[in-house]
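Q: Supplied in structure tokens, the structure appears directly below.
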Amino acid sequence: MLYYDNNIAQKQPELMKYFSLGIKDESKNLGHCLLFWGPDIKVQCELALEIARLFNCSDDGNADCSCINCKWIKENTHPAVKIFTRLDFKDLDQDSATGKRNITVSQAQSIINELSITSDYHRVYIFCDRDEAGNLMPLNKMNFPDDTSNKLLKTFEEPPQNTTFIFLTNDKSDIISTVVSRAQSFFVPSKIENNQDFSLVSNLLDNYWNIERNSVLEFENSILALIEGNDPKTILIQMENYLGNILKNNLENKILYFKVLKDLGYVEEALRQLNLTPAMNTSAVIENLAFKMIL
Ligand SMILES: [Zn+2]
């Protein structure tokens with residue numbers, strides 16, 4: 001199964017710009033552990049592979065580069081760029097992998113052993129899950145259990161040179177907190193579309209990042225008032241559109257950019273909660289969202 005997508009820089013221009021600068025310029029302090037969260041694991045994996053490609057390209061990093069490193073990464077055969085799932089380990093044959101539920105401690109040990117040998121490449125190890133058909137799925141505490149994470153904790157904290165670990169998940173709370181605290185987290189939006197309607201929420205969200213913590217109830221009530229007269233999901237979708245628009249226009253303002261990106265994650269999370277069956281209580285979802293957005 002091939003996961004690389006040539007169009008990833010167009011799909012996630014803001015994040016790719018951030019990572020490519022971080023890879024070129026060491027002073028940007030791009031972390032050794034990156035945690036991607038959000039609804040779309042496939043696009044997270046595409047991002048991770050593009051990061052791996054930019055680290056390893058022996059030419060100028062151009063998207064259509066055909067150097068051996070880029071070629072291998074696109075074909076999923078690069079010796080130092082690996083996707084680890086409960087079903088993908090080199091010691092595991094297809095038969096013994098069937099029905100296997102999680103990444104085990106002995107697999108963690110084999111990663112540690114592998115990393116003790118130096119590599120000429122920049123190693124990028126991507127952790128996620130997949131089903132037998134190859135569909136990518138998020139990491140969680142079932143497929144990446146505490147004892148496996150704990151085995152690797154020291155490695156995540158002090159990896160060998162030129163090594164990056166990337167974790168793919170839906171929600172940060174699905175991963176053991178000791179790993180989360182060692183990682184730089186990035187919400188990966190499933191889509192940011194152009195020219196989407198946000199007319200109902202533009203007053204609400206105008207400069208919302210300046211709202212003081214002691215006004216959070218007011219902010220919450222303003223959202224609830226909008227929801228009175230409209231479908232709650234419409235309001236949340238418009239909030240997504242608004243925040244997506246802010247992101248596009250604030251690529252240079254890193255603090256604002258990452259604040260809004262995180263909030264976009266909270267809005268997507270709230271939408272997911274309303275789409276559950278049975279749906280969560282709308283007021284509770286909105287209260288939670290308001291308190292997360294207003295720091
Ligand atoms: Zn290349």
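Going through the structure tokens in order, the chains are called A, B, and so on, while each chain numbers its residues from 1 and the ligands are numbered from 1 in the order shown.
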For region 64-79 of chain A, find every residue with an atom within 12 Å (counting only C-alpha atoms), except residues of its own chain fewer than 3 positions away, and show them as a PyMOL selection string.

A: chain A and resi 1-9+45-46+48-61+82-83+90+114+119-125

Q: Compile the contact shell of Gln107 (chain A) as a PyMOL selection string: residues with an atom at most 12 Å away, counting only C-alpha atoms, same-chain residues fewer than 3 positions apart removed.

A: chain A and resi 84-92+102-104+110-114+144+147-149+151-152

Q: Write out as a PyMOL selection string each polymer residue whose atoms come within 9 Å of region 235-237 of chain A, counting only C-alpha atoms; drop sequence neighbours fewer than 2 positions from it.

A: chain A and resi 197-198+200-201+223+226-227+230-233+239-242+267-268+270-271

Q: Could the residues in this selection be written to a file with C-alpha atoms, as a tab-separated table (two decimals), in the first residue's frame?

A:
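Contents of the output file part31.tsv:
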```
chain	number	residue	atom	x	y	z
A	197	ASP	CA	-19.63	31.01	4.48
A	198	PHE	CA	-19.02	32.32	7.99
A	200	LEU	CA	-23.33	34.04	11.10
A	201	VAL	CA	-20.23	33.85	13.27
A	223	ILE	CA	-22.52	30.97	20.89
A	226	LEU	CA	-26.60	31.84	17.84
A	227	ILE	CA	-27.53	28.21	18.26
A	230	ASN	CA	-29.86	28.01	13.93
A	231	ASP	CA	-28.80	24.40	13.62
A	232	PRO	CA	-25.88	23.98	16.08
A	233	LYS	CA	-23.91	22.10	13.42
A	239	MET	CA	-16.79	28.57	12.99
A	240	GLU	CA	-14.52	26.10	11.19
A	241	ASN	CA	-14.75	28.16	8.02
A	242	TYR	CA	-13.94	31.35	9.89
A	267	VAL	CA	-14.35	23.01	16.95
A	268	GLU	CA	-13.92	19.82	14.87
A	270	ALA	CA	-17.26	19.62	19.18
A	271	LEU	CA	-18.80	18.79	15.80
```

Q: If we count only C-alpha atoms and set the cut-off at 10 Å, which residues sit around region 205-221 of chain A, ignoring sequence neighbours fewer than 3 positions away in its own chain? Please answer as a VMD selection string.

A: chain A and resid 198 200 to 202 224 to 227 239 242 to 243 256 259 to 260 263 283 286 to 295

Q: Can you pull out every residue from region 16-145 of chain A that DSSP, working from the backbone, puts in strand (DSSP E or B), and format the result as a ChimeraX atom specification?

A: /A:33-37,81-85,88,123-127,129-130,136-137

Q: Counting only C-alpha atoms and all ligand atoms, which residue out of A:Asn62, A:Asn250, A:Asn245, A:Gln44 sits closest to ligand 1?

A: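 Nearest to ligand 1: A:Asn62.
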
Q: To one decimal place, how far is CA of Phe186 (chain A) from CA of Phe36 (chain A) in Å?

A: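 It comes out at 5.0 Å.
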